[in-house]
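Asks: Dumping the structure here so I can ask a few things about it.
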Amino acid sequence: MLLQLQAPGIPLNLAFNPKLIFQGHPGVNTTQLPPFTTQKQFLDWAETKGPIASIAELSDPQSILLRLDQAPRVPSSCNPEPLTDMGHTLEWSPLTRASVRGCHLEGVPGHKEAHIVRVLPGTEAGPRTVTVKVELRCASGDPDAVLILQGPSYVSWLIDANHNMQIWTTGEYSFKIFPEKNIRGFVLPDTPQGLLGEARRLNASMVASFVELPLASVVSLQAHSCGGGPQTSPPPVRTTPPKESCNQELLLSLIQPNCSKDVMTVVLKKDLISTLRCTITSLTFSDPSCQAEDRDDQFVLRSTYSNCGMKVTENVVRNEVVVNLLSSSSPQWKKVHCINMESLSFQLGLYLSPHFLQVSHTIELGQQGFVQVSMSPSIPELMLQLDSCHLDLGPDADTVELIQSQTAKGSCVSLLSPGPGGDVRFSFLLRGYMVPTPTTGTLSCTIALRSRSLSPDAHRTISTRLNIVSPGLPDKGLVLPAVLGITFGAFLIGALLTAALWYIYSHTRPPGKREPVVAVAAPASSETSSTNHSIGSTQSTPCSTSSVA
């Protein structure tokens, strides 16, 4: 095994098992590990040397590349989890190669071959690029072949191939010679059964290789021969017919239960069974009385969780599918399970702040909303993920797509870090102007429950009703309280203004508009002083209108 360490500027102390043949390096201090019998003893010893930043347990590695740097923070505790992605920190390759399967697709003419690589999802969903190196040793020219790459939606592909071939992938892909040019892929089935059907649809007459791998950084695919074109000379004539053998391993991989409410269903397509050269004589659960129904083009095995030998625990319902084949004297067994959704409850809540403190059932146009999906009880072995979310604003408005295929739709939607209990969170900004203006909406999300050790996934759709209001701005419409407030204010201002104008008018009227004053005049030739007194006594005051002398 080759171990490479990259730790620029960091002093290293390497502890190793004394039972291993170890050749040290002059720049690395080494010490021998004491004997341990349990993992806990090993972790306790490691914590005496300092905080544990990362831990990895590898099965039969051929080479290990470990890149070390200063940890950004000191972890509060060390809880190792299986199948955790360490990203750029750790790269390793196994000593044993992955199991590769293949089969002929009966009924498809030609000599086209398919190479199928299925990358299984990891525990953490984050953008990843998988480099796929394809080396086909073809005797003449480019092969008539198709490369099918299927993986999680967050995986993109960098293809390095030595021959021209048809490419069919999920997500996006690019070629090593043009790494900056990304090409959008397709939506592909996420089951072996569906991928075989996709190869048939692409006119492949044989599946030269079919492999399922955990999430990796580099996948190397090598074929010693390719391009099963026409022979230059006729093949020898068989004197005895060949004995067709059933690909039992691939057949068992097609058995994937479908779980809905309290029913487990297993469906096997007859055309795929024929492609694998298999003849099924019986298909049952562990209880042999529960036989599959033979329909026109498929076998359907179905049972409720309370029948057919189902083993029901708090969270998982388990059983076994028994397949009897014409070509085999012993039956084949496949363990199946369903996540018991009836024991779980899911909550979908809208919040108006990133603190997620109080659920709201009302949101304004132009306002940012924060959504949280939680599950109770919280189960460590089950991982909650969002497949899709949308906001339905009624028949007169377009549906607002928020999340599709676990990916945020547009710049107004952001996937947030999970909550303390593993709750799934995201935020979105509702458009501020819509015609017609909606008043209600339905927020719906489809969630997937993924088990760290079991498959397939379980799905559930949950919804909540929302009230939608327009913000109190003139260019965006007014709500009823704002209209009533403005109306009352305008009335009050008008009344006060009318009173003020009347007050000013009544105290500042010009003299020409006052009522005339009647007075008796004395003879002008005598009593001049009396006349002056009478005139003075008939002048009006601010509080009166007239007086008589």
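For the structure tokens, the naming scheme is as follows: chains receive sequential letters (A, B, ...) according to their order of presentation, residues are indexed from 1 within each chain, and ligands are indexed from 1 in presentation order.
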Which parts of stretch 163-344 of chain A does DSSP call alpha helix (DSSP H) when run on the backbone here, written out as a PyMOL selection string?
Replies: chain A and resi 192-201+248-253+270-275
Asks: Those selected residues, please, written with N, CA, C and O atoms and delivered as an mmCIF file, in the first residue's frame.
Replies:
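Below you can see again-v5.cif, which holds the result:
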```cif
data_model
loop_
_atom_site.group_PDB
_atom_site.id
_atom_site.type_symbol
_atom_site.label_atom_id
_atom_site.label_comp_id
_atom_site.auth_asym_id
_atom_site.auth_seq_id
_atom_site.Cartn_x
_atom_site.Cartn_y
_atom_site.Cartn_z
ATOM 1 N N PRO A 192 -31.330 0.037 -11.648
ATOM 2 C CA PRO A 192 -30.718 -0.819 -12.681
ATOM 3 C C PRO A 192 -31.713 -1.212 -13.753
ATOM 4 O O PRO A 192 -31.370 -1.248 -14.950
ATOM 5 N N GLN A 193 -32.939 -1.510 -13.351
ATOM 6 C CA GLN A 193 -33.970 -1.893 -14.309
ATOM 7 C C GLN A 193 -34.216 -0.780 -15.321
ATOM 8 O O GLN A 193 -34.306 -1.009 -16.525
ATOM 9 N N GLY A 194 -34.319 0.464 -14.836
ATOM 10 C CA GLY A 194 -34.547 1.589 -15.735
ATOM 11 C C GLY A 194 -33.370 1.866 -16.647
ATOM 12 O O GLY A 194 -33.538 2.241 -17.817
ATOM 13 N N LEU A 195 -32.123 1.687 -16.155
ATOM 14 C CA LEU A 195 -30.943 1.945 -16.976
ATOM 15 C C LEU A 195 -30.796 0.905 -18.075
ATOM 16 O O LEU A 195 -30.335 1.221 -19.180
ATOM 17 N N LEU A 196 -31.173 -0.340 -17.795
ATOM 18 C CA LEU A 196 -31.164 -1.346 -18.856
ATOM 19 C C LEU A 196 -32.172 -0.987 -19.946
ATOM 20 O O LEU A 196 -31.908 -1.142 -21.143
ATOM 21 N N GLY A 197 -33.344 -0.500 -19.517
ATOM 22 C CA GLY A 197 -34.318 -0.048 -20.496
ATOM 23 C C GLY A 197 -33.822 1.128 -21.313
ATOM 24 O O GLY A 197 -34.120 1.246 -22.504
ATOM 25 N N GLU A 198 -33.042 2.027 -20.685
ATOM 26 C CA GLU A 198 -32.469 3.164 -21.410
ATOM 27 C C GLU A 198 -31.457 2.687 -22.447
ATOM 28 O O GLU A 198 -31.399 3.216 -23.575
ATOM 29 N N ALA A 199 -30.644 1.676 -22.095
ATOM 30 C CA ALA A 199 -29.683 1.132 -23.058
ATOM 31 C C ALA A 199 -30.402 0.511 -24.252
ATOM 32 O O ALA A 199 -29.990 0.671 -25.408
ATOM 33 N N ARG A 200 -31.504 -0.176 -23.988
ATOM 34 C CA ARG A 200 -32.292 -0.758 -25.075
ATOM 35 C C ARG A 200 -32.872 0.344 -25.964
ATOM 36 O O ARG A 200 -32.907 0.220 -27.191
ATOM 37 N N ARG A 201 -33.340 1.437 -25.335
ATOM 38 C CA ARG A 201 -33.921 2.534 -26.106
ATOM 39 C C ARG A 201 -32.884 3.204 -27.001
ATOM 40 O O ARG A 201 -33.222 3.775 -28.047
ATOM 41 N N GLN A 248 -28.413 -14.201 -12.822
ATOM 42 C CA GLN A 248 -29.201 -14.122 -11.588
ATOM 43 C C GLN A 248 -28.858 -12.879 -10.767
ATOM 44 O O GLN A 248 -29.733 -12.266 -10.154
ATOM 45 N N GLU A 249 -27.601 -12.491 -10.760
ATOM 46 C CA GLU A 249 -27.193 -11.327 -9.967
ATOM 47 C C GLU A 249 -27.875 -10.059 -10.453
ATOM 48 O O GLU A 249 -28.381 -9.256 -9.664
ATOM 49 N N LEU A 250 -27.891 -9.877 -11.767
ATOM 50 C CA LEU A 250 -28.534 -8.692 -12.318
ATOM 51 C C LEU A 250 -30.046 -8.771 -12.158
ATOM 52 O O LEU A 250 -30.725 -7.755 -11.952
ATOM 53 N N LEU A 251 -30.609 -9.985 -12.231
ATOM 54 C CA LEU A 251 -32.043 -10.147 -12.033
ATOM 55 C C LEU A 251 -32.446 -9.730 -10.617
ATOM 56 O O LEU A 251 -33.438 -9.011 -10.426
ATOM 57 N N LEU A 252 -31.668 -10.144 -9.625
ATOM 58 C CA LEU A 252 -31.993 -9.779 -8.242
ATOM 59 C C LEU A 252 -31.857 -8.273 -8.021
ATOM 60 O O LEU A 252 -32.564 -7.691 -7.191
ATOM 61 N N SER A 253 -30.948 -7.640 -8.762
ATOM 62 C CA SER A 253 -30.797 -6.188 -8.601
ATOM 63 C C SER A 253 -32.011 -5.436 -9.137
ATOM 64 O O SER A 253 -32.226 -4.267 -8.784
ATOM 65 N N LYS A 270 -41.447 -8.244 -17.848
ATOM 66 C CA LYS A 270 -41.138 -9.502 -18.514
ATOM 67 C C LYS A 270 -40.095 -9.336 -19.617
ATOM 68 O O LYS A 270 -39.304 -10.251 -19.865
ATOM 69 N N ASP A 271 -40.072 -8.166 -20.294
ATOM 70 C CA ASP A 271 -39.089 -7.983 -21.355
ATOM 71 C C ASP A 271 -37.673 -7.921 -20.800
ATOM 72 O O ASP A 271 -36.724 -8.425 -21.409
ATOM 73 N N LEU A 272 -37.515 -7.323 -19.595
ATOM 74 C CA LEU A 272 -36.190 -7.292 -18.979
ATOM 75 C C LEU A 272 -35.790 -8.672 -18.469
ATOM 76 O O LEU A 272 -34.620 -9.049 -18.529
ATOM 77 N N ILE A 273 -36.753 -9.426 -17.975
ATOM 78 C CA ILE A 273 -36.458 -10.801 -17.543
ATOM 79 C C ILE A 273 -35.988 -11.629 -18.737
ATOM 80 O O ILE A 273 -35.025 -12.403 -18.650
ATOM 81 N N SER A 274 -36.642 -11.434 -19.874
ATOM 82 C CA SER A 274 -36.246 -12.149 -21.080
ATOM 83 C C SER A 274 -34.875 -11.710 -21.569
ATOM 84 O O SER A 274 -34.082 -12.519 -22.062
ATOM 85 N N THR A 275 -34.581 -10.411 -21.421
ATOM 86 C CA THR A 275 -33.270 -9.906 -21.818
ATOM 87 C C THR A 275 -32.158 -10.583 -21.037
ATOM 88 O O THR A 275 -31.065 -10.854 -21.571
#
```
Asks: Applying 7 Å and only C-alpha atoms, which residues near A:Leu415 remain after dropping the ones on its own chain fewer than 4 positions away? List them as a list in words.
Replies: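 Near A:Leu415, the qualifying residues are Ala408, Arg425, Phe426 and Ser427 of chain A.
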Asks: Taking the DSSP secondary structure from the backbone, can you list the residues of stretch 133-286 of chain A that are strand (DSSP E or B), as number ranges by chain?
Replies: A: 133-136, 145-150, 155-161, 166-169, 172-175, 178-184, 206-213, 218-223, 258-260, 263-269, 280-285
Asks: If we count only C-alpha atoms and set the cut-off at 7 Å, which residues sit around A:Ser376, ignoring sequence neighbours fewer than 5 positions away in its own chain? Please answer as a ChimeraX atom specification.
Replies: /A:344-346
Asks: Go ahead and dump the residues you just picked, N, CA and C atoms, as a PDB file, in the first residue's frame.
Replies:
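Output saved as part03.pdb:
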```pdb
ATOM      1  N   LEU A 344     -44.132   8.084  11.343  1.00  0.00           N
ATOM      2  CA  LEU A 344     -43.435   9.372  11.300  1.00  0.00           C
ATOM      3  C   LEU A 344     -44.428  10.483  10.965  1.00  0.00           C
ATOM      4  N   SER A 345     -44.153  11.660  11.456  1.00  0.00           N
ATOM      5  CA  SER A 345     -44.942  12.840  11.102  1.00  0.00           C
ATOM      6  C   SER A 345     -43.994  13.919  10.579  1.00  0.00           C
ATOM      7  N   PHE A 346     -44.491  14.701   9.620  1.00  0.00           N
ATOM      8  CA  PHE A 346     -43.674  15.715   8.960  1.00  0.00           C
ATOM      9  C   PHE A 346     -44.359  17.073   9.091  1.00  0.00           C
TER      10      PHE A 346
END
```
Asks: Have a look at A:Ser217, A:Ser153, A:Glu401, A:Leu158 and name the one nearest to A:Val187; count only C-alpha atoms.
Replies: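 Result for the nearest residue to A:Val187: A:Ser153.
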Asks: One decimal, Å: what's the distance from atom CA of A:Pro18 over to atom CA of A:Gln32, could you say?
Replies: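 The value is 5.7 Å.
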